[in-house]
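Quick notes on the structure that follows.
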Amino acid sequence: MQSERDEERLASLAVVLPLALTGFVVAAGCWTLFAVAGVHLRADLGLSSLQFGVLLAMPMAVSAILAIPAGLAAQRYGAREVMLLCLCGLAVCMGILLLTNTYTGYLIAAAGLGLAGGFYGAGLQFVVSHCQPRRLGLVLGVFGSGVTGAGFNYYLVPLFHEAFSWQGVPLAYLITLLLVIALLIMLTDATGEEDESRERSAREILVVIRQGRNLPLCLYFGVVAGSFFALALWLPDFLSGQYGLTLDSGARLAQWFVIPGAVAQVAGGGLSDHFGSARVATRALAGCLMALVVLSYPPMTLFITGVEEELVVEFALPVVLESALVVILGVAMGTAMGSLQRMVILANRQEASLFAGVLLVSACAVAFVLPVAFGGLNLWLGVRTAVFMILFLLLSVSLLLFSRHARREERKMLLQPGL
């Protein structure tokens, strides 16, 4: 009987997971649309670094606001219904992008793209409800790898910009969104109201979030995932400015951060199923720091007074080495995200959508602040690699606190109370 139940669950997962993954790929593409399109708008509208940073950060800010309500709505009314609502909202935003030509209009559309965050919370609940605990890390990693949708922008925007104009991208996304909505309606059943008893007050929700080790782990995930999203948004502009490349070439280079990083979430979740999340996350964060140390050094010229003449030593990372380090950084961050996500959801399986919302709030809050900080720091210091310096400091503190947290949890499990 149990084996039949397991087979049914696996069969339903085989339908649910590809659909949820496809939806998240498209939603993530919409979510980070301005990572590349914003660079073209910056040139067309004459935006300052700060205005550009606000435009990049707006979808993250709205996602942070909607994340927990979307998770609670998925528990109350059904994950499928919330997913469909978010996809319809994203389709409306694509229509706005086709019609507007002002900075205010683009800000409004960028805010609407935050609905992609609501899709993440509901979609995670959708797949977790069809998954067995022993496969949880792998399944969560596969779903999280939908962030590869962000990498499609690095292909689509330059392609449409060369052939037509970048406004062809919203039209392509609009058609794709309508197709995904139709597939979800046809291939899945309405879930309806899932559990009326889950309706809680804000105080009860806070108690659930703060219990045990939940809140610290959510914060660690938020720093890593928020840094990943912020850097994904900023890299096209950084690479094109740092190496004098065209905007389209910078965007194509930036995909080698996003796509390997997104796919690495599968490895992070799968390795955590076998070796434990804490061990995988610690090693992944250490890998991030090693890459960031080198990336943080700005191009510099050192003048040395010699015996007969002045010696000039120039230091600058060639674009090939920079690209390789960016790939390593993306893979390490993706692995850490997959393992940390597994830790939180495994400990709160019955509250998956709520904690997906909490994870998203923490990630989007960081992803909202960082692009604005990147833009402000560039104006203040005039050093482009300062973005990597900020990330190095953030992840160093996170690794230190997470290591202490993991050791404390191990002692609680191994030692008897009172020892």
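Note on naming: chains are A, B, ... as they come in the structure tokens, residues start from 1 per chain, ligands start from 1 in the order shown.
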
Tell me, which residues of range 234-359 of chain A carry DSSP strand (DSSP E or B), written as a VMD selection string?
chain A and resid 300 to 305 310 to 315

I'd like a table as a Markdown table: residues in range 323-379 of chain A with an atom no more than 12 Å from range 250-270 of chain A, each row giving the shortest atom pair and its distance in Å to one decimal, only C-alpha atoms counted, sorted by chain and rising residue number.
| residue | atom | partner | partner_atom | distance |
| --- | --- | --- | --- | --- |
| A:Ser323 | CA | A:Leu253 | CA | 7.1 |
| A:Ala324 | CA | A:Trp256 | CA | 8.6 |
| A:Leu325 | CA | A:Phe257 | CA | 9.1 |
| A:Val326 | CA | A:Phe257 | CA | 5.6 |
| A:Val327 | CA | A:Phe257 | CA | 5.0 |
| A:Ile328 | CA | A:Phe257 | CA | 8.0 |
| A:Leu329 | CA | A:Phe257 | CA | 7.3 |
| A:Gly330 | CA | A:Gly261 | CA | 4.2 |
| A:Val331 | CA | A:Gly261 | CA | 4.3 |
| A:Ala332 | CA | A:Gly261 | CA | 7.2 |
| A:Met333 | CA | A:Gly261 | CA | 6.5 |
| A:Gly334 | CA | A:Gly261 | CA | 4.4 |
| A:Thr335 | CA | A:Gly268 | CA | 4.0 |
| A:Ala336 | CA | A:Gly268 | CA | 6.3 |
| A:Met337 | CA | A:Gln265 | CA | 6.3 |
| A:Gly338 | CA | A:Gln265 | CA | 4.3 |
| A:Ser339 | CA | A:Gly268 | CA | 5.0 |
| A:Leu340 | CA | A:Gly269 | CA | 8.5 |
| A:Gln341 | CA | A:Gly269 | CA | 8.0 |
| A:Arg342 | CA | A:Gly269 | CA | 6.3 |
| A:Met343 | CA | A:Gly269 | CA | 9.3 |
| A:Val344 | CA | A:Gly269 | CA | 11.8 |
| A:Ile345 | CA | A:Gly269 | CA | 11.3 |
| A:Leu346 | CA | A:Gly269 | CA | 11.1 |

Give the alpha helix (DSSP H) residues of range 14-176 of chain A, as assigned by DSSP on the backbone, as a ChimeraX atom specification.
/A:14-31,34-45,49-77,79-99,103-112,115-128,136-144,149-163,168-176

Using only C-alpha atoms for the distances, tell me which of A:Gly149, A:Gly376, A:Gly357, A:Gly123 is nearest to Ala232 in chain A.
A:Gly149

So which one's closest to Ala57 in chain A, A:Leu136, A:Cys364, A:Leu292, A:Ala27? Using only C-alpha atoms, please.
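Of A:Leu136, A:Cys364, A:Leu292, A:Ala27, the one nearest Ala57 in chain A is A:Cys364, counting only C-alpha atoms.
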
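Each of A:Val36, A:Leu395, A:Val320, A:Leu171 was compared to Thr282 in chain A using only C-alpha atoms, and A:Leu395 turns out to be the nearest.
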
Which residues are near range 293-297 of chain A? Cut-off 7 Å, only C-alpha atoms, ignore same chain within fewer than 6 positions. Put them as a PyMOL selection string.
chain A and resi 385-386+388-389

Expected file contents, prior selection, all heavy atoms, as a CSV table (one decimal), in the first residue's frame:
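Result written to out_3.csv:
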chain,number,residue,atom,x,y,z
A,385,THR,N,35.0,47.9,-9.1
A,385,THR,CA,35.1,46.6,-8.4
A,385,THR,C,34.7,46.7,-6.9
A,385,THR,O,34.8,45.7,-6.2
A,385,THR,CB,36.6,46.1,-8.4
A,385,THR,OG1,37.5,47.1,-7.9
A,385,THR,CG2,37.0,45.7,-9.9
A,386,ALA,N,34.3,47.9,-6.5
A,386,ALA,CA,33.8,48.0,-5.1
A,386,ALA,C,32.6,47.1,-4.8
A,386,ALA,O,32.3,46.8,-3.7
A,386,ALA,CB,33.4,49.5,-4.8
A,388,PHE,N,32.3,44.0,-5.6
A,388,PHE,CA,32.9,42.7,-5.1
A,388,PHE,C,33.4,42.9,-3.7
A,388,PHE,O,33.4,42.0,-2.9
A,388,PHE,CB,34.0,42.2,-6.0
A,388,PHE,CG,33.5,41.9,-7.4
A,388,PHE,CD1,34.0,42.6,-8.5
A,388,PHE,CD2,32.6,40.9,-7.6
A,388,PHE,CE1,33.5,42.3,-9.8
A,388,PHE,CE2,32.1,40.6,-8.9
A,388,PHE,CZ,32.6,41.3,-10.0
A,389,MET,N,33.9,44.1,-3.3
A,389,MET,CA,34.3,44.3,-2.0
A,389,MET,C,33.2,44.3,-1.0
A,389,MET,O,33.3,43.7,0.1
A,389,MET,CB,35.0,45.7,-1.9
A,389,MET,CG,36.2,45.9,-2.7
A,389,MET,SD,36.9,47.6,-2.7
A,389,MET,CE,38.0,47.6,-4.0

Between CA of Leu174 in chain A and CA of Leu45 in chain A, measure the distance and give it in Å to one decimal.
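Calculated distance between CA of Leu174 in chain A and CA of Leu45 in chain A is 23.9 Å.
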
Hey, what's within 7 Å of range 61-71 of chain A if we count only C-alpha atoms and toss same-chain stuff fewer than 6 positions away? As a PyMOL selection string, please?
chain A and resi 111+114-115+117-118+121-122+353-354+356-358+360-361+364-365+368

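Shortest atom-to-atom contact with Phe228 in chain A among A:Cys88, A:Ala363, A:Val25, A:Val16: A:Ala363, counting only C-alpha atoms.
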
Distance of CA of Pro298 in chain A from CA of Trp380 in chain A, expressed in Å to one decimal place:
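Atom-to-atom, CA of Trp380 in chain A and CA of Pro298 in chain A are spaced 15.2 Å apart.
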
Please measure the separation of CA of Ala278 in chain A and CA of Val369 in chain A, giving the value in Å to one decimal.
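Here the two named atoms are 26.8 Å from each other.
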
Need to verify the contact set: range 238-248 of chain A, 12 Å, only C-alpha atoms, exclusion of same-chain residues closer than 5 positions in sequence. Can you return it as a PyMOL selection string?
chain A and resi 35-43+49+153-162+166+230-233+253-257+295+298-299+316-320+322-323+326+371+374-375+378+382-388

Deliver the residues from the most recent selection as a file, using N, CA and C atoms, as a short mmCIF file (atom, residue, chain, number, x, y, z; two decimals), in the first residue's frame.
data_model
loop_
_atom_site.label_atom_id
_atom_site.label_comp_id
_atom_site.auth_asym_id
_atom_site.auth_seq_id
_atom_site.Cartn_x
_atom_site.Cartn_y
_atom_site.Cartn_z
N ALA A 35 17.83 43.71 -16.03
CA ALA A 35 19.27 43.50 -15.91
C ALA A 35 19.98 43.84 -17.21
N VAL A 36 19.32 43.56 -18.33
CA VAL A 36 19.89 43.87 -19.64
C VAL A 36 19.12 45.01 -20.31
N ALA A 37 17.80 44.91 -20.30
CA ALA A 37 16.99 45.96 -20.92
C ALA A 37 17.22 47.30 -20.24
N GLY A 38 17.46 47.27 -18.93
CA GLY A 38 17.70 48.51 -18.20
C GLY A 38 18.96 49.22 -18.66
N VAL A 39 19.94 48.44 -19.12
CA VAL A 39 21.18 49.05 -19.63
C VAL A 39 20.88 49.86 -20.89
N HIS A 40 20.01 49.33 -21.76
CA HIS A 40 19.60 50.08 -22.95
C HIS A 40 18.78 51.30 -22.56
N LEU A 41 17.89 51.14 -21.59
CA LEU A 41 17.07 52.27 -21.14
C LEU A 41 17.94 53.34 -20.49
N ARG A 42 18.98 52.91 -19.80
CA ARG A 42 19.88 53.88 -19.16
C ARG A 42 20.49 54.81 -20.20
N ALA A 43 20.86 54.23 -21.33
CA ALA A 43 21.43 55.05 -22.40
C ALA A 43 20.36 55.90 -23.09
N SER A 49 23.46 56.67 -12.25
CA SER A 49 23.74 55.36 -11.63
C SER A 49 22.71 55.05 -10.55
N ASN A 153 17.53 36.39 -20.71
CA ASN A 153 17.55 37.81 -21.06
C ASN A 153 18.86 38.21 -21.72
N TYR A 154 19.95 37.56 -21.29
CA TYR A 154 21.26 37.90 -21.84
C TYR A 154 21.38 37.47 -23.30
N TYR A 155 20.51 36.53 -23.73
CA TYR A 155 20.43 36.16 -25.15
C TYR A 155 19.38 36.99 -25.87
N LEU A 156 18.16 37.05 -25.25
CA LEU A 156 17.01 37.62 -25.93
C LEU A 156 17.16 39.11 -26.21
N VAL A 157 17.55 39.88 -25.19
CA VAL A 157 17.59 41.33 -25.35
C VAL A 157 18.58 41.74 -26.45
N PRO A 158 19.86 41.25 -26.41
CA PRO A 158 20.76 41.62 -27.52
C PRO A 158 20.26 41.15 -28.88
N LEU A 159 19.64 39.96 -28.91
CA LEU A 159 19.15 39.42 -30.17
C LEU A 159 18.07 40.30 -30.76
N PHE A 160 17.07 40.65 -29.93
CA PHE A 160 15.98 41.49 -30.41
C PHE A 160 16.43 42.93 -30.65
N HIS A 161 17.42 43.37 -29.87
CA HIS A 161 17.91 44.73 -30.06
C HIS A 161 18.59 44.89 -31.40
N GLU A 162 19.31 43.85 -31.83
CA GLU A 162 19.97 43.89 -33.13
C GLU A 162 18.98 43.75 -34.27
N TRP A 166 14.61 46.44 -28.36
CA TRP A 166 14.49 45.61 -27.16
C TRP A 166 13.04 45.39 -26.77
N ALA A 230 21.45 40.41 -6.96
CA ALA A 230 21.95 41.77 -7.17
C ALA A 230 23.11 41.78 -8.16
N LEU A 231 24.02 40.82 -8.03
CA LEU A 231 25.16 40.76 -8.94
C LEU A 231 24.72 40.37 -10.35
N ALA A 232 23.72 39.49 -10.45
CA ALA A 232 23.18 39.13 -11.76
C ALA A 232 22.60 40.35 -12.47
N LEU A 233 21.96 41.24 -11.69
CA LEU A 233 21.39 42.45 -12.26
C LEU A 233 22.46 43.45 -12.67
N LEU A 253 28.45 37.94 -21.64
CA LEU A 253 29.41 37.46 -20.65
C LEU A 253 28.76 37.20 -19.30
N ALA A 254 27.79 38.04 -18.94
CA ALA A 254 27.14 37.92 -17.64
C ALA A 254 26.34 36.64 -17.49
N GLN A 255 25.91 36.04 -18.61
CA GLN A 255 25.14 34.81 -18.52
C GLN A 255 25.96 33.68 -17.90
N TRP A 256 27.29 33.77 -17.99
CA TRP A 256 28.13 32.71 -17.43
C TRP A 256 28.22 32.79 -15.91
N PHE A 257 27.64 33.80 -15.35
CA PHE A 257 27.44 33.84 -13.89
C PHE A 257 26.08 33.26 -13.53
N LEU A 295 38.53 39.15 -7.43
CA LEU A 295 37.69 40.06 -8.20
C LEU A 295 37.63 41.46 -7.60
N PRO A 298 40.90 46.35 -8.02
CA PRO A 298 40.64 47.15 -9.22
C PRO A 298 41.88 47.22 -10.11
N PRO A 299 41.72 47.54 -11.38
CA PRO A 299 42.91 47.79 -12.21
C PRO A 299 43.73 48.92 -11.61
N ALA A 316 45.87 44.31 -13.87
CA ALA A 316 44.48 44.28 -14.33
C ALA A 316 44.15 42.85 -14.73
N LEU A 317 42.98 42.39 -14.32
CA LEU A 317 42.55 41.04 -14.68
C LEU A 317 42.14 41.02 -16.15
N PRO A 318 42.69 40.12 -16.95
CA PRO A 318 42.20 39.99 -18.33
C PRO A 318 40.77 39.48 -18.33
N VAL A 319 40.05 39.77 -19.38
CA VAL A 319 38.63 39.44 -19.43
C VAL A 319 38.40 37.93 -19.31
N VAL A 320 39.33 37.11 -19.81
CA VAL A 320 39.17 35.65 -19.72
C VAL A 320 39.23 35.19 -18.26
N GLU A 322 38.75 37.07 -15.60
CA GLU A 322 37.58 37.65 -14.91
C GLU A 322 36.35 36.78 -15.14
N SER A 323 36.15 36.34 -16.37
CA SER A 323 34.99 35.49 -16.70
C SER A 323 35.06 34.17 -15.96
N VAL A 326 34.15 34.69 -12.38
CA VAL A 326 32.71 34.94 -12.28
C VAL A 326 31.93 33.63 -12.33
N PRO A 371 21.84 46.80 -5.26
CA PRO A 371 22.03 47.59 -6.48
C PRO A 371 22.08 49.10 -6.21
N PHE A 374 25.44 49.66 -4.80
CA PHE A 374 26.43 49.60 -5.88
C PHE A 374 26.50 50.93 -6.63
N GLY A 375 25.31 51.44 -7.00
CA GLY A 375 25.27 52.70 -7.74
C GLY A 375 25.82 53.86 -6.93
N ASN A 378 29.63 53.53 -6.54
CA ASN A 378 30.33 53.89 -7.79
C ASN A 378 30.45 55.40 -7.95
N GLY A 382 34.12 55.87 -7.29
CA GLY A 382 34.57 55.82 -8.68
C GLY A 382 35.33 54.55 -9.01
N VAL A 383 35.14 53.47 -8.21
CA VAL A 383 35.82 52.19 -8.41
C VAL A 383 34.76 51.12 -8.68
N ARG A 384 34.77 50.56 -9.88
CA ARG A 384 33.72 49.59 -10.24
C ARG A 384 33.78 48.32 -9.41
N THR A 385 35.00 47.85 -9.08
CA THR A 385 35.13 46.59 -8.36
C THR A 385 34.72 46.70 -6.89
N ALA A 386 34.28 47.88 -6.47
CA ALA A 386 33.78 48.03 -5.09
C ALA A 386 32.58 47.12 -4.84
N VAL A 387 31.87 46.73 -5.91
CA VAL A 387 30.72 45.83 -5.73
C VAL A 387 31.19 44.49 -5.15
N PHE A 388 32.35 44.01 -5.59
CA PHE A 388 32.87 42.75 -5.09
C PHE A 388 33.40 42.90 -3.66
#

Of the listed residues A:Ala172, A:Leu85, A:Ile181, A:Ala286, that which approaches Ser403 in chain A most closely, counting only C-alpha atoms
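Looking at the shortest contact to Ser403 in chain A, the residue is A:Ala286.
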
Quick one: of A:Leu377, A:Leu107, A:Leu56, A:Met186, who's nearest to Leu235 in chain A, counting only C-alpha atoms?
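Checking each of A:Leu377, A:Leu107, A:Leu56, A:Met186 against Leu235 in chain A, counting only C-alpha atoms, the winner is A:Leu56.
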